[in-house]
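Raw query21.csv, CSV, C-alpha atoms:
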```csv
chain,number,residue,atom,x,y,z
A,174,MET,CA,-113.0,89.5,24.7
A,175,ALA,CA,-111.2,86.3,25.6
A,176,ILE,CA,-113.2,86.1,28.9
A,177,ALA,CA,-116.4,86.5,26.9
A,178,VAL,CA,-115.4,83.6,24.7
A,179,VAL,CA,-115.0,81.4,27.8
A,180,GLN,CA,-118.1,82.7,29.5
A,181,VAL,CA,-120.7,82.5,26.8
A,182,ARG,CA,-122.8,79.3,26.7
A,183,ASP,CA,-123.9,79.6,23.1
A,184,LEU,CA,-121.2,77.9,21.1
A,185,PHE,CA,-122.1,79.8,17.9
A,186,SER,CA,-121.5,83.2,19.6
A,187,ALA,CA,-118.3,81.8,21.1
A,188,ALA,CA,-117.1,81.0,17.6
A,189,MET,CA,-118.0,84.5,16.4
A,190,LEU,CA,-116.3,86.2,19.4
A,191,PHE,CA,-113.2,84.1,18.9
A,192,SER,CA,-113.1,85.2,15.3
A,193,ILE,CA,-113.3,88.9,16.3
A,194,TYR,CA,-110.6,88.3,18.9
A,195,SER,CA,-108.3,86.9,16.2
A,196,LEU,CA,-109.1,89.8,13.9
A,197,LEU,CA,-108.2,92.3,16.7
A,198,SER,CA,-104.9,90.5,17.5
A,199,ALA,CA,-104.2,90.6,13.7
A,200,GLY,CA,-104.7,94.4,13.9
A,201,LEU,CA,-102.3,94.4,17.0
A,202,PHE,CA,-99.7,92.6,14.9
A,203,VAL,CA,-100.0,95.2,12.2
A,204,VAL,CA,-99.4,98.0,14.7
A,205,LEU,CA,-96.3,96.1,15.9
A,206,ASP,CA,-95.1,96.0,12.3
A,207,ALA,CA,-95.3,92.2,12.0
A,208,GLY,CA,-97.0,92.0,8.6
A,209,ASP,CA,-96.4,88.2,8.1
A,210,VAL,CA,-97.8,87.3,11.4
A,211,ALA,CA,-100.8,89.6,11.0
A,212,LEU,CA,-101.6,88.1,7.6
A,213,THR,CA,-101.4,84.6,9.0
A,214,GLU,CA,-103.5,85.5,12.0
A,215,ALA,CA,-106.2,87.2,9.9
A,216,ALA,CA,-106.3,84.3,7.3
A,217,VAL,CA,-106.0,81.3,9.7
A,218,GLY,CA,-107.2,82.6,13.0
A,219,ALA,CA,-110.1,84.8,11.9
A,220,GLY,CA,-111.0,83.0,8.6
A,221,ILE,CA,-110.3,79.3,8.3
A,222,SER,CA,-110.5,78.2,12.0
A,223,THR,CA,-113.8,80.0,12.3
A,224,ILE,CA,-115.1,78.2,9.3
A,225,LEU,CA,-113.9,74.9,10.6
A,226,ILE,CA,-115.4,75.5,14.0
A,227,LEU,CA,-118.7,76.4,12.3
A,228,ALA,CA,-118.5,73.2,10.3
A,229,VAL,CA,-118.0,71.2,13.5
A,230,LEU,CA,-121.0,73.1,15.1
A,231,THR,CA,-123.3,71.8,12.3
A,232,LEU,CA,-122.4,68.3,13.7
A,233,ALA,CA,-122.6,69.1,17.4
A,234,PRO,CA,-125.3,70.6,19.5
A,235,ARG,CA,-125.3,74.4,19.7
A,236,TYR,CA,-125.4,75.0,23.4
A,237,GLU,CA,-122.8,73.9,25.9
A,238,LYS,CA,-123.9,71.5,28.6
A,239,ARG,CA,-124.2,73.2,31.9
A,240,ILE,CA,-122.0,71.7,34.7
A,241,ASP,CA,-122.8,72.9,38.2
A,242,ARG,CA,-120.2,70.8,40.1
A,243,ILE,CA,-116.8,72.4,40.5
A,244,ASN,CA,-113.9,70.2,39.3
A,245,TRP,CA,-111.4,70.5,42.2
A,246,PRO,CA,-108.6,68.4,40.6
A,247,ALA,CA,-108.7,70.6,37.5
A,248,ILE,CA,-108.5,73.8,39.6
A,249,GLY,CA,-105.6,72.3,41.5
A,250,VAL,CA,-103.6,71.5,38.3
A,251,VAL,CA,-104.3,74.9,36.8
A,252,LEU,CA,-103.2,76.7,40.0
A,253,VAL,CA,-100.0,74.7,40.4
A,254,THR,CA,-99.1,75.2,36.7
A,255,GLY,CA,-99.9,79.0,36.9
A,256,ALA,CA,-97.8,79.3,40.1
A,257,CYS,CA,-94.8,77.6,38.4
A,258,LEU,CA,-95.1,79.9,35.4
A,259,VAL,CA,-95.3,83.1,37.5
A,260,TRP,CA,-92.3,81.8,39.5
A,261,ALA,CA,-90.4,81.2,36.2
A,262,VAL,CA,-91.2,84.8,35.0
A,263,SER,CA,-88.9,86.1,37.8
A,264,ASP,CA,-86.0,84.4,36.1
A,265,LEU,CA,-86.6,86.0,32.8
A,266,PRO,CA,-84.2,88.8,31.7
A,267,THR,CA,-85.4,92.4,31.9
A,268,PHE,CA,-87.8,93.2,29.1
A,269,GLY,CA,-86.4,95.2,26.2
A,270,GLN,CA,-82.7,95.1,27.2
A,271,PRO,CA,-80.4,95.1,24.1
A,272,ASP,CA,-78.1,92.4,25.6
A,273,ASN,CA,-80.9,89.8,26.2
A,274,PRO,CA,-80.1,86.3,24.8
A,275,VAL,CA,-82.7,86.6,22.1
A,276,HIS,CA,-80.9,89.6,20.6
A,277,THR,CA,-77.4,88.2,20.9
A,278,HIS,CA,-77.8,84.6,19.6
A,279,VAL,CA,-78.5,84.1,15.8
A,280,ALA,CA,-80.7,87.1,15.2
A,281,PRO,CA,-77.9,89.7,14.5
A,282,TYR,CA,-76.3,87.2,12.0
A,283,TYR,CA,-79.6,86.8,10.2
A,284,ILE,CA,-80.4,90.5,10.2
A,285,GLU,CA,-76.9,91.4,8.8
A,286,HIS,CA,-76.6,88.6,6.3
A,287,ALA,CA,-80.1,87.9,5.0
A,288,TYR,CA,-80.2,90.6,2.4
A,289,LYS,CA,-76.6,90.1,1.3
A,290,ASP,CA,-77.1,86.3,1.0
A,291,PHE,CA,-80.4,86.2,-0.8
A,292,GLY,CA,-81.3,89.6,-2.2
A,293,VAL,CA,-84.8,89.1,-0.8
A,294,PRO,CA,-86.3,92.2,0.9
A,295,ASN,CA,-88.7,90.3,3.1
A,296,MET,CA,-86.4,88.9,5.7
A,297,VAL,CA,-89.1,86.7,7.3
A,298,ALA,CA,-89.5,84.8,4.1
A,299,ALA,CA,-85.8,84.5,3.7
A,300,ILE,CA,-85.2,83.2,7.2
A,301,LEU,CA,-88.2,80.8,7.1
A,302,ALA,CA,-87.4,79.3,3.7
A,303,SER,CA,-83.7,79.2,3.8
A,304,TYR,CA,-81.9,79.5,7.1
A,305,ARG,CA,-84.7,77.6,8.9
A,306,SER,CA,-85.7,75.5,5.9
A,307,ILE,CA,-85.7,72.2,7.8
A,308,ASP,CA,-88.1,73.7,10.4
A,309,THR,CA,-90.4,74.8,7.7
A,310,PHE,CA,-90.2,71.3,6.2
A,311,GLY,CA,-91.3,70.0,9.5
A,312,GLU,CA,-94.3,72.4,9.5
A,313,VAL,CA,-95.4,71.2,6.1
A,314,ILE,CA,-95.2,67.6,7.3
A,315,VAL,CA,-97.3,68.5,10.4
A,316,ILE,CA,-100.0,70.1,8.2
A,317,PHE,CA,-100.0,67.0,5.9
A,318,THR,CA,-100.2,64.7,8.9
A,319,ALA,CA,-103.2,66.8,10.2
A,320,GLY,CA,-105.0,66.3,6.9
A,321,LEU,CA,-104.3,62.6,7.0
A,322,ALA,CA,-105.5,62.4,10.7
A,323,VAL,CA,-108.8,64.2,9.9
A,324,PHE,CA,-109.3,62.0,6.9
A,325,SER,CA,-108.7,58.8,8.8
A,326,LEU,CA,-111.1,59.9,11.6
A,327,LEU,CA,-113.9,61.3,9.4
A,328,SER,CA,-113.8,59.2,6.3
A,329,VAL,CA,-115.5,56.3,8.1
A,330,ARG,CA,-119.2,56.3,7.3
A,331,PRO,CA,-121.2,57.1,10.5
A,332,THR,CA,-123.0,54.0,11.8
A,333,ARG,CA,-126.7,54.7,11.9
A,334,ARG,CA,-127.6,54.1,15.6
A,335,LYS,CA,-131.1,54.9,16.9
A,336,SER,CA,-130.0,57.9,19.0
A,337,GLY,CA,-126.5,58.6,17.7
A,338,LYS,CA,-124.9,61.9,17.9
A,339,THR,CA,-125.1,62.6,14.2
A,340,GLU,CA,-128.9,62.2,14.3
A,341,ASN,CA,-129.2,64.6,17.3
A,342,ALA,CA,-127.6,67.4,15.3
A,343,GLU,CA,-129.9,67.1,12.3
B,52,MET,CA,-127.8,79.9,-0.6
B,53,ARG,CA,-127.6,79.4,-4.3
B,54,GLU,CA,-131.0,81.1,-4.7
B,55,ASN,CA,-129.8,84.3,-3.1
B,56,GLY,CA,-128.9,86.7,-5.9
B,57,ILE,CA,-126.9,89.2,-3.8
B,58,LEU,CA,-124.7,86.4,-2.4
B,59,ARG,CA,-124.2,84.8,-5.7
B,60,ILE,CA,-123.2,88.0,-7.5
B,61,ILE,CA,-120.9,89.2,-4.7
B,62,ALA,CA,-119.3,85.8,-4.6
B,63,ARG,CA,-118.8,85.6,-8.3
B,64,PHE,CA,-117.1,89.0,-8.1
B,65,LEU,CA,-115.0,88.2,-5.0
B,66,ILE,CA,-113.8,84.6,-5.6
B,67,PRO,CA,-111.5,85.5,-8.6
B,68,LEU,CA,-110.1,88.5,-6.6
B,69,ILE,CA,-109.4,86.3,-3.6
B,70,MET,CA,-107.6,83.7,-5.8
B,71,LEU,CA,-105.6,86.4,-7.5
B,72,PHE,CA,-104.6,87.9,-4.2
B,73,ALA,CA,-103.6,84.5,-3.0
B,74,LEU,CA,-101.3,84.1,-6.0
B,75,TYR,CA,-99.9,87.5,-5.4
B,76,VAL,CA,-99.2,86.7,-1.7
B,77,GLN,CA,-97.6,83.4,-2.9
B,78,PHE,CA,-95.3,84.7,-5.5
B,79,HIS,CA,-94.7,88.2,-4.1
B,80,GLY,CA,-93.8,86.8,-0.7
B,81,ASP,CA,-90.2,87.6,-1.2
B,82,TYR,CA,-90.9,91.3,-1.4
B,83,SER,CA,-93.9,91.9,0.8
B,84,PRO,CA,-95.4,90.1,3.8
B,85,GLY,CA,-96.7,86.7,2.8
B,86,GLY,CA,-95.6,83.3,1.7
B,87,GLY,CA,-96.8,79.8,1.0
B,88,PHE,CA,-98.7,79.3,4.2
B,89,GLN,CA,-100.9,82.4,4.0
B,90,ALA,CA,-101.4,82.0,0.3
B,91,GLY,CA,-102.5,78.4,0.6
B,92,VAL,CA,-105.1,79.4,3.3
B,93,MET,CA,-106.4,82.2,1.1
B,94,PHE,CA,-106.8,80.0,-1.9
B,95,ALA,CA,-108.6,77.4,0.1
B,96,ALA,CA,-110.8,80.2,1.5
B,97,ALA,CA,-111.9,81.2,-2.0
B,98,TRP,CA,-112.8,77.6,-2.7
B,99,ILE,CA,-114.7,77.3,0.6
B,100,LEU,CA,-116.7,80.5,-0.3
B,101,PHE,CA,-117.6,78.8,-3.6
B,102,VAL,CA,-118.8,75.7,-1.7
B,103,LEU,CA,-120.8,77.7,0.7
B,104,ILE,CA,-122.7,79.4,-2.2
B,105,TYR,CA,-122.9,76.6,-4.8
B,106,GLY,CA,-122.8,73.5,-2.6
B,107,LEU,CA,-120.2,70.8,-2.0
B,108,GLU,CA,-121.0,68.9,-5.1
B,109,ALA,CA,-120.2,71.8,-7.4
B,110,GLY,CA,-117.0,72.5,-5.4
B,111,LEU,CA,-115.9,68.9,-5.7
B,112,ALA,CA,-116.6,69.1,-9.5
B,113,VAL,CA,-114.0,71.9,-9.7
B,114,ILE,CA,-111.4,70.3,-7.5
B,115,PRO,CA,-112.1,66.6,-6.9
B,116,GLU,CA,-111.2,65.0,-3.6
B,117,ARG,CA,-108.6,62.8,-5.3
B,118,ALA,CA,-106.8,65.9,-6.6
B,119,MET,CA,-106.7,67.2,-3.0
B,120,PHE,CA,-105.0,64.0,-1.8
B,121,VAL,CA,-102.5,64.0,-4.7
B,122,LEU,CA,-101.8,67.7,-4.3
B,123,SER,CA,-101.3,67.7,-0.6
B,124,ALA,CA,-98.7,64.9,-1.0
B,125,ALA,CA,-97.2,66.5,-4.1
B,126,GLY,CA,-96.6,69.8,-2.2
B,127,SER,CA,-94.6,68.1,0.6
B,128,LEU,CA,-92.8,66.0,-2.0
B,129,LEU,CA,-91.8,69.1,-3.9
B,130,TYR,CA,-90.3,70.5,-0.8
B,131,ALA,CA,-88.4,67.3,0.0
B,132,LEU,CA,-87.3,66.9,-3.6
B,133,ILE,CA,-85.9,70.5,-3.7
B,134,GLY,CA,-84.0,69.5,-0.6
B,135,LEU,CA,-82.7,66.3,-2.1
B,136,LEU,CA,-81.8,68.1,-5.4
B,137,GLY,CA,-79.4,70.1,-3.3
B,138,VAL,CA,-77.9,66.9,-2.0
B,139,MET,CA,-77.6,65.4,-5.5
B,140,LEU,CA,-75.8,68.5,-6.8
B,141,GLY,CA,-73.3,68.2,-3.9
B,142,GLY,CA,-74.7,70.3,-1.1
B,143,ARG,CA,-76.5,69.5,2.1
B,144,PHE,CA,-80.2,68.8,2.5
B,145,LEU,CA,-82.2,71.9,1.7
B,146,ASP,CA,-79.1,73.7,0.7
B,147,PHE,CA,-80.1,75.9,-2.3
B,148,TYR,CA,-76.6,77.1,-3.3
B,149,PRO,CA,-75.9,74.2,-5.8
B,150,LEU,CA,-79.1,74.8,-7.7
B,151,LEU,CA,-77.8,77.8,-9.8
B,152,ASP,CA,-74.4,79.5,-10.4
B,153,ASP,CA,-75.3,82.9,-8.9
B,154,PRO,CA,-75.7,82.3,-5.2
B,155,GLN,CA,-78.4,85.0,-4.7
B,156,ALA,CA,-80.4,83.7,-7.7
B,157,ALA,CA,-80.0,80.1,-6.4
B,158,GLN,CA,-81.4,81.1,-3.0
B,159,GLN,CA,-84.3,83.0,-4.5
B,160,ALA,CA,-85.2,80.1,-6.8
B,161,GLY,CA,-85.0,77.7,-3.9
B,162,ILE,CA,-87.2,79.9,-1.7
B,163,ILE,CA,-89.8,80.4,-4.4
B,164,LEU,CA,-90.0,76.6,-5.2
B,165,VAL,CA,-90.2,75.6,-1.6
B,166,GLU,CA,-92.8,78.2,-0.8
B,167,PHE,CA,-94.8,76.9,-3.7
B,168,GLY,CA,-94.7,73.4,-2.2
B,169,VAL,CA,-95.9,74.8,1.2
B,170,GLY,CA,-98.7,76.7,-0.5
B,171,VAL,CA,-100.0,73.7,-2.5
B,172,THR,CA,-99.9,71.5,0.6
B,173,VAL,CA,-101.7,74.0,2.9
B,174,ALA,CA,-104.4,74.8,0.4
B,175,SER,CA,-105.2,71.2,-0.4
B,176,VAL,CA,-105.1,70.1,3.2
B,177,VAL,CA,-107.5,72.9,4.3
B,178,MET,CA,-109.9,72.1,1.5
B,179,LEU,CA,-109.7,68.4,2.4
B,180,ILE,CA,-110.5,69.0,6.1
B,181,PHE,CA,-113.4,71.2,5.1
B,182,THR,CA,-114.7,68.6,2.7
B,183,MET,CA,-114.5,66.0,5.4
B,184,PHE,CA,-116.6,68.0,7.8
B,185,ALA,CA,-119.1,69.1,5.2
B,186,ARG,CA,-119.4,65.6,3.9
B,187,ARG,CA,-120.1,64.3,7.4
B,188,ARG,CA,-123.3,66.3,7.5
B,189,GLY,CA,-124.6,63.7,5.0
B,190,ASP,CA,-126.5,65.9,2.6
B,191,LEU,CA,-124.0,66.0,-0.2
B,192,GLY,CA,-124.7,68.5,-2.9
B,193,GLN,CA,-126.8,70.9,-0.9
B,194,ALA,CA,-125.6,74.3,0.2
B,195,TRP,CA,-124.6,74.6,3.8
B,196,HIS,CA,-127.1,76.3,6.1
B,197,PRO,CA,-125.7,76.5,9.6
B,198,GLU,CA,-128.6,78.6,10.9
B,199,GLU,CA,-131.2,76.0,10.1
B,200,HIS,CA,-129.7,73.5,12.5
B,201,ASP,CA,-129.8,75.2,15.9
```
Mind turning this structure into structure tokens?
Amino acid sequence: MAIAVVQVRDLFSAAMLFSIYSLLSAGLFVVLDAGDVALTEAAVGAGISTILILAVLTLAPRYEKRIDRINWPAIGVVLVTGACLVWAVSDLPTFGQPDNPVHTHVAPYYIEHAYKDFGVPNMVAAILASYRSIDTFGEVIVIFTAGLAVFSLLSVRPTRRKSGKTENAE
Amino acid sequence: MRENGILRIIARFLIPLIMLFALYVQFHGDYSPGGGFQAGVMFAAAWILFVLIYGLEAGLAVIPERAMFVLSAAGSLLYALIGLLGVMLGGRFLDFYPLLDDPQAAQQAGIILVEFGVGVTVASVVMLIFTMFARRRGDLGQAWHPEEHD
């Protein structure tokens, strides 16, 4: 599915395929028992981001421009980065071991104390809003900043050129 | 799309349900999956559905653009003020314990208020971004037909 998203030239189908991909991964998160993540993925990934991509597509041409030349520097950067990542994987601890750092750091404290401290059955909400409250505050600020950035970029009236991009889309 | 009877009736039926479910996700987030972020996105989705059916002008008549600006700032400010309230009452920033006497109730009140701030900000920012893109199309007040602009 992800390969299809990259392959297809019609940006409208790419947006739709991407939405289906998000919905499938939301289903995967449900299977993995991660309800909060699944809800977010379904609402944001499959819903809102698709709508926003479609809104952008009404401004942009529908078909991707075909480029026949191969971009060698880009391939080089991708290969080097990929090789570094594959090399770094060999340093990761064995998958699923109970004594991995992720299971021995703060997670056991949260799991043991979350219900006792808050009386809130949904541990994810408790951790996000209370233990990691400042992180969540940062997230809110990021979203607010994103809104401000879009406003400052798009609130300017488009200048009416003879062959501007906005006219091409109409 | 306003002329299409099926779309209009289905939307009229669905929009209140989506909004109700968003409120449920918002305020029941302590007991089931959910929270401010998801609820905000859902609430905005209901509004966007309304705009797709009835046009941007009708949508902006319900929630004016000014209100979106004010609400997006107010949500973040609510979050920050809850944090500062903890400081005023002798705790640390975003420390909920000083808010109420019972520690568990204090934490729950703090979590609910903070999540409400998150929800308000997310909902208004998503609506704002959508308004910006829809406005950019130029034909304010007409329903949105992506299929006509291939």
Coordinates-based distance that separates CA of Ile104 in chain B from CA of Ala219 in chain A (Å, one decimal):
19.7 Å
Neighbouring residues of Gly137 in chain B were defined as those with any atom within 8 Å, considering all atoms listed in the file; residues of the same chain fewer than 5 positions away were excluded. Please report them as a list in words.
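The residues that qualify are Gly142, Arg143, Phe144, Leu145, Asp146, Phe147, Tyr148, Pro149 and Leu150 of chain B.
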List the neighbours of Leu111 in chain B out to 10 Å using only C-alpha atoms; skip same-chain residues closer than 5 positions along the sequence, and give me the result as a PDB file with C-alpha atoms, keeping the file's coordinate frame.
```pdb
ATOM      1  CA  TRP B  98    -112.800  77.600  -2.700  1.00  0.00           C
ATOM      2  CA  VAL B 102    -118.800  75.700  -1.700  1.00  0.00           C
ATOM      3  CA  GLY B 106    -122.800  73.500  -2.600  1.00  0.00           C
ATOM      4  CA  GLU B 116    -111.200  65.000  -3.600  1.00  0.00           C
ATOM      5  CA  ARG B 117    -108.600  62.800  -5.300  1.00  0.00           C
ATOM      6  CA  ALA B 118    -106.800  65.900  -6.600  1.00  0.00           C
ATOM      7  CA  MET B 119    -106.700  67.200  -3.000  1.00  0.00           C
ATOM      8  CA  MET B 178    -109.900  72.100   1.500  1.00  0.00           C
ATOM      9  CA  THR B 182    -114.700  68.600   2.700  1.00  0.00           C
ATOM     10  CA  GLY B 192    -124.700  68.500  -2.900  1.00  0.00           C
TER      11      GLY B 192
END
```
Considering all atoms listed in the file, extract the chain B residues located within 7 Å of chain A and return them as a PyMOL selection string.
chain B and resi 80-86+89+92-93+96+123+127+145+155+158-159+162+169+172-173+176+179-181+183-185+188+197+200-201
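The interatomic distance for the pair CA of Ala73 in chain B and CA of Gly91 in chain B works out to 7.2 Å.
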Separation of CA of Gly126 in chain B and CA of Ile163 in chain B, in Å?
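Between these atoms lies a distance of 12.8 Å.
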List as a ChimeraX atom specification the residues having at least one atom at most 9 Å from position (-118.0, 83.4, 1.4) as given in the file, counting only C-alpha atoms.
/B:58,61-62,65-66,96-104
Could you give me, as a compact mmCIF listing (two decimals) with C-alpha atoms, in the coordinates of the input, the residues that have an atom at most 12 Å away from the point (-93.4, 80.9, -11.8) in the coordinates of the file, using only C-alpha atoms?
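Dumped to result_8.txt:
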```
# COMPACT_ATOMS: atom_id res chain seq x y z
CA LEU B 74 -101.30 84.10 -6.00
CA TYR B 75 -99.90 87.50 -5.40
CA GLN B 77 -97.60 83.40 -2.90
CA PHE B 78 -95.30 84.70 -5.50
CA HIS B 79 -94.70 88.20 -4.10
CA GLN B 159 -84.30 83.00 -4.50
CA ALA B 160 -85.20 80.10 -6.80
CA GLY B 161 -85.00 77.70 -3.90
CA ILE B 162 -87.20 79.90 -1.70
CA ILE B 163 -89.80 80.40 -4.40
CA LEU B 164 -90.00 76.60 -5.20
CA VAL B 165 -90.20 75.60 -1.60
CA GLU B 166 -92.80 78.20 -0.80
CA PHE B 167 -94.80 76.90 -3.70
```
My list of candidates is B:Pro67, B:Leu135, B:Ala95, B:Asn55. Which is closest to Ile114 in chain B when distances are computed with all atoms listed in the file?
B:Ala95
Some atoms are missing, so please complete range 207-232 of chain A with N, CA and C atoms and return it as an mmCIF file, in the frame of the given file.
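The resulting selection17.cif:
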```cif
data_model
loop_
_atom_site.group_PDB
_atom_site.id
_atom_site.type_symbol
_atom_site.label_atom_id
_atom_site.label_comp_id
_atom_site.auth_asym_id
_atom_site.auth_seq_id
_atom_site.Cartn_x
_atom_site.Cartn_y
_atom_site.Cartn_z
ATOM 1 N N ALA A 207 -95.543 93.631 12.307
ATOM 2 C CA ALA A 207 -95.300 92.200 12.000
ATOM 3 C C ALA A 207 -96.252 91.791 10.904
ATOM 4 N N GLY A 208 -96.005 92.199 9.663
ATOM 5 C CA GLY A 208 -97.000 92.000 8.600
ATOM 6 C C GLY A 208 -97.240 90.497 8.333
ATOM 7 N N ASP A 209 -96.193 89.661 8.360
ATOM 8 C CA ASP A 209 -96.400 88.200 8.100
ATOM 9 C C ASP A 209 -97.286 87.578 9.091
ATOM 10 N N VAL A 210 -96.999 87.878 10.374
ATOM 11 C CA VAL A 210 -97.800 87.300 11.400
ATOM 12 C C VAL A 210 -99.233 87.743 11.352
ATOM 13 N N ALA A 211 -99.406 89.044 11.053
ATOM 14 C CA ALA A 211 -100.800 89.600 11.000
ATOM 15 C C ALA A 211 -101.540 88.930 9.862
ATOM 16 N N LEU A 212 -100.882 88.723 8.729
ATOM 17 C CA LEU A 212 -101.600 88.100 7.600
ATOM 18 C C LEU A 212 -101.979 86.665 7.970
ATOM 19 N N THR A 213 -101.066 85.951 8.641
ATOM 20 C CA THR A 213 -101.400 84.600 9.000
ATOM 21 C C THR A 213 -102.551 84.570 10.026
ATOM 22 N N GLU A 214 -102.487 85.473 11.006
ATOM 23 C CA GLU A 214 -103.500 85.500 12.000
ATOM 24 C C GLU A 214 -104.883 85.824 11.415
ATOM 25 N N ALA A 215 -104.888 86.783 10.477
ATOM 26 C CA ALA A 215 -106.200 87.200 9.900
ATOM 27 C C ALA A 215 -106.701 86.015 9.006
ATOM 28 N N ALA A 216 -105.820 85.351 8.248
ATOM 29 C CA ALA A 216 -106.300 84.300 7.300
ATOM 30 C C ALA A 216 -106.653 83.039 8.093
ATOM 31 N N VAL A 217 -105.768 82.607 8.992
ATOM 32 C CA VAL A 217 -106.000 81.300 9.700
ATOM 33 C C VAL A 217 -106.870 81.500 10.882
ATOM 34 N N GLY A 218 -106.510 82.461 11.766
ATOM 35 C CA GLY A 218 -107.200 82.600 13.000
ATOM 36 C C GLY A 218 -108.662 83.083 12.806
ATOM 37 N N ALA A 219 -108.786 84.188 12.046
ATOM 38 C CA ALA A 219 -110.100 84.800 11.900
ATOM 39 C C ALA A 219 -110.906 84.084 10.798
ATOM 40 N N GLY A 220 -110.229 83.568 9.767
ATOM 41 C CA GLY A 220 -111.000 83.000 8.600
ATOM 42 C C GLY A 220 -111.193 81.513 8.748
ATOM 43 N N ILE A 221 -110.116 80.738 8.498
ATOM 44 C CA ILE A 221 -110.300 79.300 8.300
ATOM 45 C C ILE A 221 -110.713 78.608 9.597
ATOM 46 N N SER A 222 -110.109 78.987 10.753
ATOM 47 C CA SER A 222 -110.500 78.200 12.000
ATOM 48 C C SER A 222 -111.910 78.508 12.332
ATOM 49 N N THR A 223 -112.404 79.741 12.070
ATOM 50 C CA THR A 223 -113.800 80.000 12.300
ATOM 51 C C THR A 223 -114.706 79.131 11.464
ATOM 52 N N ILE A 224 -114.346 79.033 10.179
ATOM 53 C CA ILE A 224 -115.100 78.200 9.300
ATOM 54 C C ILE A 224 -115.145 76.757 9.734
ATOM 55 N N LEU A 225 -113.973 76.266 10.175
ATOM 56 C CA LEU A 225 -113.900 74.900 10.600
ATOM 57 C C LEU A 225 -114.707 74.655 11.874
ATOM 58 N N ILE A 226 -114.653 75.650 12.798
ATOM 59 C CA ILE A 226 -115.400 75.500 14.000
ATOM 60 C C ILE A 226 -116.919 75.493 13.689
ATOM 61 N N LEU A 227 -117.332 76.359 12.743
ATOM 62 C CA LEU A 227 -118.700 76.400 12.300
ATOM 63 C C LEU A 227 -119.121 75.038 11.695
ATOM 64 N N ALA A 228 -118.184 74.470 10.908
ATOM 65 C CA ALA A 228 -118.500 73.200 10.300
ATOM 66 C C ALA A 228 -118.658 72.116 11.345
ATOM 67 N N VAL A 229 -117.849 72.183 12.419
ATOM 68 C CA VAL A 229 -118.000 71.200 13.500
ATOM 69 C C VAL A 229 -119.348 71.462 14.209
ATOM 70 N N LEU A 230 -119.730 72.747 14.347
ATOM 71 C CA LEU A 230 -121.000 73.100 15.100
ATOM 72 C C LEU A 230 -122.199 72.530 14.331
ATOM 73 N N THR A 231 -122.105 72.342 12.991
ATOM 74 C CA THR A 231 -123.300 71.800 12.300
ATOM 75 C C THR A 231 -123.416 70.289 12.698
ATOM 76 N N LEU A 232 -122.342 69.670 13.235
ATOM 77 C CA LEU A 232 -122.400 68.300 13.700
ATOM 78 C C LEU A 232 -122.773 68.158 15.135
#
```
